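Colleague: Input structure: work-v3.txt, which contains compact mmCIF, C-alpha atoms.
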# COMPACT_ATOMS: atom_id res chain seq x y z
CA MET A 1 88.15 109.19 54.89
CA LEU A 2 87.08 107.31 51.75
CA VAL A 3 85.21 110.40 50.47
CA ALA A 4 88.28 112.59 51.03
CA LEU A 5 90.54 110.15 49.19
CA ALA A 6 87.99 109.83 46.39
CA ALA A 7 87.90 113.63 46.04
CA LEU A 8 91.70 113.59 46.02
CA GLY A 9 91.65 111.04 43.22
CA LEU A 10 89.18 113.07 41.17
CA THR A 11 91.71 115.88 40.96
CA GLU A 12 93.62 113.64 38.57
CA PRO A 13 91.12 112.19 36.05
CA GLU A 14 93.75 110.02 34.34
CA HIS A 15 94.17 107.64 37.28
CA THR A 16 94.40 103.99 36.39
CA ALA A 17 92.32 101.31 38.11
CA PHE A 18 95.41 100.24 40.05
CA GLU A 19 95.92 103.76 41.42
CA TRP A 20 92.26 103.96 42.42
CA LEU A 21 92.59 100.62 44.14
CA LEU A 22 95.60 101.88 46.12
CA LEU A 23 93.72 105.01 47.22
CA LEU A 24 90.72 102.99 48.39
CA ALA A 25 92.97 100.46 50.16
CA ILE A 26 94.74 103.25 52.07
CA GLY A 27 91.38 104.66 53.17
CA ALA A 28 90.09 101.23 54.18
CA VAL A 29 93.17 100.51 56.31
CA GLN A 30 92.92 103.93 57.96
CA ILE A 31 89.25 103.39 58.81
CA ALA A 32 89.86 99.83 60.05
CA GLU A 33 92.71 101.03 62.27
CA SER A 34 90.47 103.48 64.10
CA SER A 35 87.30 101.35 64.07
CA PHE A 36 88.77 98.06 65.27
CA GLY A 37 91.25 99.46 67.77
CA TRP A 38 94.39 98.28 66.00
CA SER A 39 96.39 101.03 67.67
CA ALA A 40 95.56 99.63 71.14
CA ARG A 41 98.17 96.88 70.74
CA ARG A 42 101.74 97.66 69.77
CA SER A 43 102.11 94.74 67.34
CA ARG A 44 98.89 95.62 65.49
CA ALA A 45 99.83 99.30 65.35
CA LEU A 46 103.18 98.39 63.78
CA ALA A 47 101.45 96.08 61.29
CA ALA A 48 98.99 98.83 60.32
CA PHE A 49 101.88 101.29 59.92
CA ALA A 50 103.79 98.87 57.67
CA LEU A 51 100.69 98.16 55.56
CA LYS A 52 99.84 101.83 55.07
CA LEU A 53 103.47 102.64 54.35
CA THR A 54 103.58 99.94 51.67
CA LEU A 55 100.38 101.21 50.04
CA CYS A 56 101.60 104.82 50.12
CA TYR A 57 104.91 103.75 48.58
CA GLY A 58 103.06 101.98 45.79
CA LEU A 59 100.75 104.96 45.15
CA VAL A 60 103.60 107.46 44.95
CA GLY A 61 105.54 105.09 42.71
CA ALA A 62 102.53 104.65 40.40
CA THR A 63 101.83 108.39 40.15
CA GLY A 64 105.23 109.76 39.18
CA GLY A 65 107.65 108.54 41.78
CA ILE A 66 109.80 111.26 43.29
CA GLU A 67 107.88 113.88 41.31
CA SER A 68 104.45 112.64 42.45
CA SER A 69 102.14 115.24 43.91
CA TYR A 70 100.88 112.54 46.28
CA TYR A 71 104.06 112.59 48.40
CA LEU A 72 102.07 114.03 51.33
CA ILE A 73 100.17 110.72 51.52
CA PHE A 74 103.17 109.51 53.59
CA LEU A 75 101.82 111.71 56.40
CA LEU A 76 99.08 109.15 57.06
CA PRO A 77 101.39 106.42 58.44
CA ILE A 78 103.68 109.07 59.99
CA VAL A 79 100.81 110.73 61.90
CA SER A 80 99.46 107.34 63.00
CA ALA A 81 102.88 106.34 64.36
CA ALA A 82 103.37 109.69 66.10
CA SER A 83 99.95 109.33 67.75
CA ARG A 84 100.62 105.81 69.02
CA PHE A 85 104.32 105.59 69.92
CA GLY A 86 106.83 107.62 71.90
CA LEU A 87 108.94 110.39 70.40
CA GLY A 88 111.98 108.22 69.74
CA GLN A 89 109.99 105.48 68.03
CA SER A 90 107.98 108.05 66.08
CA LEU A 91 111.16 109.64 64.73
CA LEU A 92 112.55 106.22 63.82
CA LEU A 93 109.41 105.25 61.89
CA THR A 94 109.35 108.69 60.25
CA ALA A 95 112.94 108.08 59.12
CA VAL A 96 111.83 104.76 57.60
CA ALA A 97 108.97 106.48 55.76
CA SER A 98 111.29 109.26 54.55
CA ALA A 99 113.85 106.73 53.33
CA LEU A 100 111.16 104.89 51.36
CA TYR A 101 110.01 108.14 49.80
CA LEU A 102 113.57 109.19 48.87
CA SER A 103 114.24 105.72 47.43
CA HIS A 104 112.19 106.77 44.41
CA VAL A 105 115.20 108.92 43.44
CA LEU A 106 117.12 105.72 42.70
CA TYR A 107 114.79 104.95 39.81
CA VAL A 108 115.71 108.16 37.95
CA LEU A 109 119.39 108.67 38.78
CA ASP A 110 120.55 106.94 35.60
CA THR A 111 118.39 109.16 33.37
CA TYR A 112 117.74 112.26 35.40
CA TYR A 113 119.96 114.66 37.31
CA VAL A 114 118.50 116.15 40.49
CA PRO A 115 119.49 119.82 40.57
CA VAL A 116 120.38 121.70 43.74
CA ALA A 117 116.90 123.26 43.90
CA GLY A 118 115.39 119.78 43.63
CA GLN A 119 117.65 118.47 46.37
CA ARG A 120 116.60 121.39 48.56
CA GLU A 121 112.94 120.64 47.83
CA LEU A 122 113.38 117.01 48.82
CA MET A 123 115.11 118.05 52.05
CA VAL A 124 112.26 120.45 52.87
CA ARG A 125 109.69 117.68 52.29
CA VAL A 126 111.54 115.23 54.54
CA LEU A 127 112.01 117.85 57.26
CA PHE A 128 108.29 118.57 56.99
CA PHE A 129 107.65 114.86 57.66
CA PHE A 130 109.77 115.03 60.82
CA LEU A 131 108.22 118.33 61.93
CA SER A 132 104.74 116.86 61.56
CA ALA A 133 105.75 113.76 63.54
CA VAL A 134 107.19 115.86 66.40
CA LEU A 135 104.15 118.17 66.57
CA ILE A 136 101.61 115.33 66.45
CA ASN A 137 103.53 113.35 69.06
CA ARG A 138 103.73 116.39 71.32
CA LEU A 139 100.00 117.12 70.97
CA THR A 140 99.08 113.47 71.52
CA THR A 141 101.28 113.24 74.60
CA GLU A 142 99.79 116.40 76.08
CA ASN A 143 96.28 115.19 75.32
CA ARG A 144 97.02 111.83 76.93
CA LEU A 145 98.40 113.51 80.05
CA GLN A 146 95.39 115.80 80.26
CA THR A 147 93.07 112.80 79.89
CA GLU A 148 94.90 110.94 82.65
CA ARG A 149 94.78 113.99 84.93
CA LEU A 150 91.07 114.43 84.20
CA SER A 151 90.42 110.75 84.88
CA GLN A 152 92.33 110.94 88.16
CA ALA A 153 90.47 114.12 89.12
CA ASN A 154 87.15 112.43 88.35
CA LYS A 155 88.12 109.46 90.52
CA GLU A 156 89.13 111.75 93.37
CA LEU A 157 85.92 113.75 92.97
CA SER A 158 83.81 110.59 92.99
CA HIS A 159 85.67 109.38 96.06
CA ALA A 160 85.18 112.73 97.79
CA GLN A 161 81.47 112.75 96.92
CA ALA A 162 81.11 109.22 98.28
CA GLU A 163 82.89 110.26 101.48
CA VAL A 164 80.61 113.28 101.86
CA ARG A 165 77.51 111.13 101.31
CA ARG A 166 78.77 108.58 103.82
CA SER A 167 79.59 111.30 106.36
CA GLU A 168 76.11 112.76 105.99
CA ARG A 169 74.54 109.34 106.47
CA LEU A 170 76.77 108.68 109.49
CA ALA A 171 75.83 112.01 111.06
CA ALA A 172 72.10 111.46 110.52
CA LEU A 173 72.20 107.87 111.72
CA GLY A 174 74.35 108.86 114.67
CA GLN A 175 71.79 111.40 115.83
CA LEU A 176 69.01 108.89 115.27
CA SER A 177 70.91 106.22 117.20
CA ALA A 178 71.56 108.53 120.15
CA GLY A 179 67.92 109.59 120.42
CA LEU A 180 66.60 106.09 119.91
CA ALA A 181 69.03 104.58 122.41
CA HIS A 182 67.97 106.97 125.17
CA GLU A 183 64.30 106.28 124.45
CA ILE A 184 64.87 102.50 124.55
CA ARG A 185 66.89 102.47 127.78
CA ASN A 186 64.05 103.85 129.89
CA PRO A 187 61.58 101.01 129.16
CA LEU A 188 64.46 98.52 129.36
CA GLY A 189 65.10 99.64 132.93
CA VAL A 190 61.43 99.17 133.81
CA ILE A 191 61.38 95.71 132.16
CA SER A 192 64.56 94.64 133.96
CA ALA A 193 63.29 95.87 137.35
CA SER A 194 59.95 94.17 136.80
CA ALA A 195 61.68 90.89 135.95
CA GLU A 196 63.77 91.09 139.14
CA LEU A 197 60.67 91.81 141.21
CA LEU A 198 58.79 88.97 139.57
CA ASP A 199 61.65 86.57 140.21
CA LYS A 200 61.70 87.44 143.93
CA ASN A 201 57.97 87.06 144.38
CA VAL A 202 57.21 83.86 142.50
CA SER A 203 57.12 80.68 144.49
CA GLY A 204 60.02 78.28 144.36
CA GLU A 205 57.89 75.64 142.73
CA ASN A 206 56.98 77.84 139.76
CA GLU A 207 59.89 76.87 137.49
CA VAL A 208 58.18 78.21 134.37
CA ALA A 209 57.97 81.71 135.82
CA ARG A 210 61.61 81.61 136.90
CA GLU A 211 62.66 80.41 133.46
CA VAL A 212 60.67 83.20 131.80
CA THR A 213 62.21 85.85 134.06
CA GLY A 214 65.63 84.48 133.14
CA PHE A 215 64.81 84.87 129.45
CA ILE A 216 63.64 88.43 130.10
CA ARG A 217 66.86 89.37 131.91
CA THR A 218 69.00 87.79 129.19
CA GLU A 219 67.24 89.62 126.38
CA VAL A 220 67.23 92.89 128.34
CA ASN A 221 70.99 92.61 128.86
CA ARG A 222 71.52 91.80 125.19
CA THR A 223 69.37 94.73 124.10
CA ASN A 224 71.12 97.02 126.57
CA SER A 225 74.49 95.94 125.17
CA LEU A 226 73.24 96.74 121.68
CA VAL A 227 72.01 100.15 122.85
CA THR A 228 75.45 100.80 124.37
CA ARG A 229 77.03 100.04 120.99
CA PHE A 230 74.61 102.46 119.35
CA LEU A 231 75.67 105.16 121.79
CA ASP A 232 79.34 104.39 121.27
CA PHE A 233 78.79 104.83 117.55
CA ALA A 234 76.90 108.11 117.97
CA ARG A 235 79.34 109.55 120.50
CA PRO A 236 82.33 111.45 119.02
CA SER A 237 85.60 109.55 119.42
CA GLN A 238 87.92 111.02 122.06
CA LEU A 239 91.44 110.23 120.90
CA ASP A 240 94.16 109.41 123.40
CA ARG A 241 97.19 109.62 121.15
CA GLN A 242 100.30 107.86 122.41
CA MET A 243 103.69 107.21 120.84
CA ARG A 244 103.32 103.46 120.32
CA ASP A 245 104.56 100.64 118.13
CA LEU A 246 101.77 99.71 115.73
CA ASN A 247 102.98 96.11 115.41
CA GLU A 248 102.63 95.60 119.18
CA ILE A 249 98.99 96.69 118.95
CA VAL A 250 98.37 94.37 116.00
CA GLU A 251 99.97 91.46 117.89
CA SER A 252 97.75 92.23 120.88
CA ALA A 253 94.67 92.15 118.64
CA LEU A 254 95.85 88.83 117.17
CA GLN A 255 96.24 87.42 120.68
CA GLN A 256 92.69 88.51 121.59
CA PHE A 257 91.45 86.97 118.36
CA HIS A 258 93.17 83.69 119.22
CA ASP A 259 91.96 83.70 122.84
CA GLY A 260 88.41 84.38 121.70
CA SER A 261 88.29 81.37 119.40
CA LYS A 262 85.78 78.78 120.50
CA GLN A 263 85.38 75.11 119.82
CA GLY A 264 83.40 74.67 116.65
CA ASP A 265 84.75 77.82 114.98
CA PRO A 266 86.16 77.29 111.45
CA THR A 267 89.85 76.44 111.33
CA ILE A 268 91.74 79.63 110.55
CA GLU A 269 95.43 79.74 109.65
CA ILE A 270 96.90 83.16 110.43
CA GLN A 271 99.77 84.47 108.33
CA ALA A 272 101.21 87.67 109.82
CA ARG A 273 103.79 89.78 108.01
CA LEU A 274 104.58 92.72 110.23
CA GLN A 275 107.31 94.97 108.87
CA PRO A 276 109.13 97.41 111.14
CA ILE A 277 107.34 100.76 111.47
CA PRO A 278 108.66 103.71 113.49
CA ARG A 279 106.63 104.71 116.51
CA PHE A 280 104.03 107.38 115.82
CA PRO A 281 101.13 108.90 117.77
CA PHE A 282 97.75 107.12 117.64
CA ASP A 283 95.09 105.86 119.99
CA PRO A 284 96.09 102.26 120.77
CA THR A 285 92.66 101.29 122.12
CA LEU A 286 90.75 102.41 119.04
CA ILE A 287 93.25 100.94 116.57
CA GLU A 288 93.40 97.64 118.44
CA SER A 289 89.60 97.49 118.41
CA SER A 290 89.62 98.25 114.67
CA VAL A 291 92.10 95.47 113.89
CA LEU A 292 90.22 92.99 116.07
CA ASN A 293 86.94 93.86 114.33
CA LEU A 294 88.52 93.22 110.93
CA LEU A 295 89.89 89.87 112.12
CA LEU A 296 86.50 88.82 113.48
CA ASN A 297 84.82 89.94 110.28
CA ALA A 298 87.30 87.85 108.27
CA ARG A 299 86.61 84.77 110.41
CA GLU A 300 82.86 85.16 109.93
CA ALA A 301 83.43 85.39 106.17
CA MET A 302 85.34 82.08 106.05
CA LEU A 303 82.65 79.57 106.99
CA GLU A 304 84.80 76.67 105.77
CA GLY A 305 88.03 78.01 107.25
CA GLY A 306 91.08 79.17 105.34
CA VAL A 307 94.04 81.50 105.54
CA LEU A 308 93.72 84.91 107.19
CA ARG A 309 96.54 87.26 106.26
CA ILE A 310 97.49 90.44 108.06
CA GLU A 311 100.29 92.77 106.97
CA THR A 312 101.73 96.03 108.22
CA ALA A 313 104.16 98.30 106.42
CA GLN A 314 105.15 101.93 106.04
CA GLU A 315 104.08 103.67 102.84
CA GLY A 316 105.52 107.15 102.68
CA GLY A 317 104.04 109.11 105.56
CA PHE A 318 101.41 106.45 106.29
CA ALA A 319 101.28 103.20 108.22
CA ARG A 320 99.37 100.49 106.37
CA ILE A 321 97.39 97.68 107.94
CA GLU A 322 96.02 95.12 105.52
CA VAL A 323 93.71 92.23 106.43
CA SER A 324 92.67 89.72 103.77
CA ASP A 325 90.60 86.56 103.96
CA GLU A 326 89.66 83.65 101.72
CA GLY A 327 85.91 84.03 102.01
CA SER A 328 83.38 84.59 99.29
CA GLY A 329 84.25 88.28 98.91
CA ILE A 330 81.80 91.17 98.61
CA GLU A 331 79.32 91.73 95.82
CA SER A 332 80.43 94.64 93.64
CA ASP A 333 77.22 96.60 94.19
CA LYS A 334 77.62 96.37 97.97
CA ILE A 335 81.28 97.36 98.39
CA GLU A 336 80.40 101.03 98.83
CA ASP A 337 77.94 100.20 101.62
CA VAL A 338 80.00 97.91 103.85
CA PHE A 339 81.12 100.77 106.12
CA ASN A 340 77.61 102.18 106.51
CA PRO A 341 76.05 101.59 109.93
CA PHE A 342 73.36 98.91 110.17
CA PHE A 343 74.40 97.43 106.82
CA THR A 344 75.24 93.74 107.09
CA THR A 345 75.09 90.61 104.98
CA LYS A 346 75.26 88.29 107.99
CA PRO A 347 72.05 86.76 109.39
CA HIS A 348 72.84 87.69 113.00
CA GLY A 349 74.82 90.90 112.55
CA VAL A 350 73.68 94.44 113.33
CA GLY A 351 76.07 96.19 110.93
CA LEU A 352 78.04 98.28 113.42
CA GLY A 353 81.43 96.53 113.44
CA LEU A 354 82.84 97.91 110.19
CA ALA A 355 81.06 101.23 110.75
CA MET A 356 82.93 101.60 114.06
CA VAL A 357 86.22 100.67 112.37
CA SER A 358 85.61 103.34 109.74
CA LYS A 359 84.76 105.88 112.44
CA PHE A 360 87.91 105.12 114.45
CA VAL A 361 90.13 105.33 111.35
CA ASP A 362 88.46 108.56 110.20
CA SER A 363 89.03 110.12 113.63
CA HIS A 364 92.78 109.57 113.12
CA GLY A 365 92.65 111.33 109.75
CA GLY A 366 93.23 108.00 108.01
CA THR A 367 91.40 106.07 105.32
CA ILE A 368 89.98 102.58 105.05
CA ALA A 369 89.13 100.81 101.82
CA VAL A 370 87.97 97.36 100.79
CA GLU A 371 88.24 95.42 97.57
CA ASN A 372 87.90 91.84 96.44
CA GLY A 373 91.17 89.98 96.26
CA PRO A 374 92.49 88.59 92.95
CA SER A 375 91.97 84.99 94.13
CA GLY A 376 88.77 85.56 96.13
CA GLY A 377 87.98 86.95 99.53
CA ALA A 378 88.02 90.54 100.71
CA VAL A 379 91.00 92.81 101.37
CA PHE A 380 90.62 95.61 103.93
CA ARG A 381 93.33 98.28 103.86
CA ILE A 382 93.85 100.94 106.54
CA LEU A 383 96.20 103.90 106.09
CA LEU A 384 97.08 105.89 109.22
CA PRO A 385 99.00 109.17 108.93
CA MET A 386 102.27 109.08 110.88
CA ASP A 387 102.68 112.85 111.02
CA LYS A 388 103.00 113.94 114.65
CA GLU A 389 101.15 117.15 113.84
CA THR A 390 98.06 115.31 112.55
Go ahead and render the structure in this file as structure tokens.

Modeller:
Amino acid sequence: MLVALAALGLTEPEHTAFEWLLLLAIGAVQIAESSFGWSARRSRALAAFALKLTLCYGLVGATGGIESSYYLIFLLPIVSAASRFGLGQSLLLTAVASALYLSHVLYVLDTYYVPVAGQRELMVRVLFFFLSAVLINRLTTENRLQTERLSQANKELSHAQAEVRRSERLAALGQLSAGLAHEIRNPLGVISASAELLDKNVSGENEVAREVTGFIRTEVNRTNSLVTRFLDFARPSQLDRQMRDLNEIVESALQQFHDGSKQGDPTIEIQARLQPIPRFPFDPTLIESSVLNLLLNAREAMLEGGVLRIETAQEGGFARIEVSDEGSGIESDKIEDVFNPFFTTKPHGVGLGLAMVSKFVDSHGGTIAVENGPSGGAVFRILLPMDKET
């Protein structure tokens, strides 16, 4: 920019130091505007426009006024305004710039008559200012829209790629879980039968042996329950769609959550905001299980207690279920993994709860997402399509 303005100044070797200073100042402001992001804020963009307009007015005034060959220098603030503001504001600022340029006529009216050809020339110059403003504003607006569309498309593509990667991992882990579960159940049956046989054959006085067999049965049952969960995860969900009221299912899950609370659990205050939603077809068992899993996950995240919020609402053709807690939230680098099976941040978890929720929601053609809340904690959001043909 400075080189271009310097070359422009060299076309007129008789420039004074003041005129050179104005040229360099215009270039410096233009560079600073683009380098320091002045156009990002409206107030700074207006200040930069006013400063450049003042410098351009001074340069034109110092180089011949209305007859100055530098009149096109007014395009710098006009183009900047057209690139930053809307069409109406751009035209208004262009009118201000044009008025300042035409004001140089006032200095020569008492000694110089502007002929009709001169008036026509001035009109053409001003119309050229407005034409440039309209074209630049149109191009900038189109470019901004294209950038926004491209950004949205990139986000959707990234989301789709993440969903594909997650689906591939789920499929592979599902097959692994099914095969591993079947292989584990056979020795579990042998261990359980052996423990029963041992318990029947040990003498009544051998308390240690009876206690050990009790431990064996307990751990076998726990492992068998875990294997059952693996199989449930690997098995395709069979939907039993029914026309039901979603809020009734959420209330049922809340009741189970309340009934399952034990002494010693952190104190949880539940705030439910259930807005009316028309009945639509979904599997009540799977959705109730999903909501209950999210509630339990929220309770485990709030070790010191807090407020657990659950909301339902209709958003277009979707029913939204939102569960938020006041826990510590989720680390940013782990948000994408929370719905992966066997991923957990809890010391005693196996990482299947949220994976099952995601599976149940996906089977309905819905989506589930998680983010950290503005004041802490995690926010889980489920969207279920209400279309009867889904």

Colleague: Between atom CA of Gly306 of chain A and atom CA of Phe257 of chain A, what is the distance, to one decimal in Å?

Modeller: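 Interatomic distance here is 15.2 Å.
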
Colleague: Name the closest residue to Ala82 of chain A among the candidates A:Ser68, A:Arg138, A:Val379, A:Arg185; distances are taken between atoms, counting all atoms listed in the file.

Modeller: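 Among the listed residues, A:Arg138 lies closest to Ala82 of chain A.
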
Colleague: What's the 10 Å shell around Gly58 of chain A, counting all atoms listed in the file, without same-chain residues fewer than 6 positions away, as a PyMOL selection string?

Modeller: chain A and resi 18-19+22-23+52+65

Colleague: Just the number, please: distance in Å from atom CA of Gln256 of chain A to atom CA of Ala313 of chain A, one decimal.

Modeller: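 About the pair atom CA of Gln256 of chain A and atom CA of Ala313 of chain A: they are 21.4 Å apart.
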
Colleague: Hey, can you check how far atom CA of Ala272 of chain A sits from atom CA of Ile310 of chain A?

Modeller: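 Here the two named atoms are 5.0 Å from each other.
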
Colleague: Might you pull out every residue within 9 Å of Arg125 of chain A, with only C-alpha atoms counted and same-chain residues fewer than 4 positions away left off, and present them as number ranges by chain?

Modeller: A: 71-72, 98, 120-121, 129-130

Colleague: List the neighbours of Ser192 of chain A out to 8 Å using all atoms listed in the file; skip same-chain residues closer than 6 positions along the sequence, and give me the result as a PDB file with C-alpha atoms, keeping the file's coordinate frame.

Modeller:
ATOM      1  CA  ILE A 216      63.640  88.430 130.100  1.00  0.00           C
ATOM      2  CA  ARG A 217      66.860  89.370 131.910  1.00  0.00           C
ATOM      3  CA  VAL A 220      67.230  92.890 128.340  1.00  0.00           C
TER       4      VAL A 220
END

Colleague: Would you kindly return, as a list in words, each protein, DNA or RNA residue with an atom no farther than 10 Å from any atom of Ile184 of chain A, considering all atoms listed in the file and excluding same-chain residues fewer than 3 positions away?

Modeller: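 The neighbour list is Gly179, Leu180, Ala181, Pro187, Leu188, Gly189, Thr223, Asn224 and Val227 of chain A.
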
Colleague: Nearest to Ala172 of chain A: which of A:Asn340, A:Tyr57, A:Leu198, A:Arg381 is it, counting all atoms listed in the file?

Modeller: A:Asn340

Colleague: Taking only C-alpha atoms into account, name the residue in A:Asn247, A:Gln242, A:Ser225, A:Ser328 that is nearest to Val291 of chain A.

Modeller: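 Among the listed residues, the smallest separation from Val291 of chain A belongs to A:Asn247.
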
Colleague: Between A:Leu135, A:Val250, A:Leu106, A:Ala48, single out the one closest to Gln30 of chain A, counting all atoms listed in the file.

Modeller: A:Ala48

Colleague: Choose the residue, out of A:Ser261, A:Ser83, A:Thr63, A:Ser158, that has the smallest atom-to-atom separation from Asn143 of chain A; count only C-alpha atoms.

Modeller: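 Result for the nearest residue to Asn143 of chain A: A:Ser83.
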
Colleague: Using only C-alpha atoms, which of the listed residues (A:Gly317, A:Leu102, A:Ser132, A:Gly27) sits closest to Leu75 of chain A?

Modeller: A:Ser132

Colleague: Around (81.7, 83.0, 110.8) in the file's frame, which residues reach within 12 Å when counting all atoms listed in the file? Return as a list in words?

Modeller: Ser261, Lys262, Gly264, Asp265, Pro266, Thr267, Ile268, Leu295, Leu296, Asn297, Ala298, Arg299, Glu300, Ala301, Met302, Leu303, Glu304, Gly305, Gly306, Asp325, Gly327, Ser328, Thr345, Lys346, Pro347, His348 and Gly349 of chain A
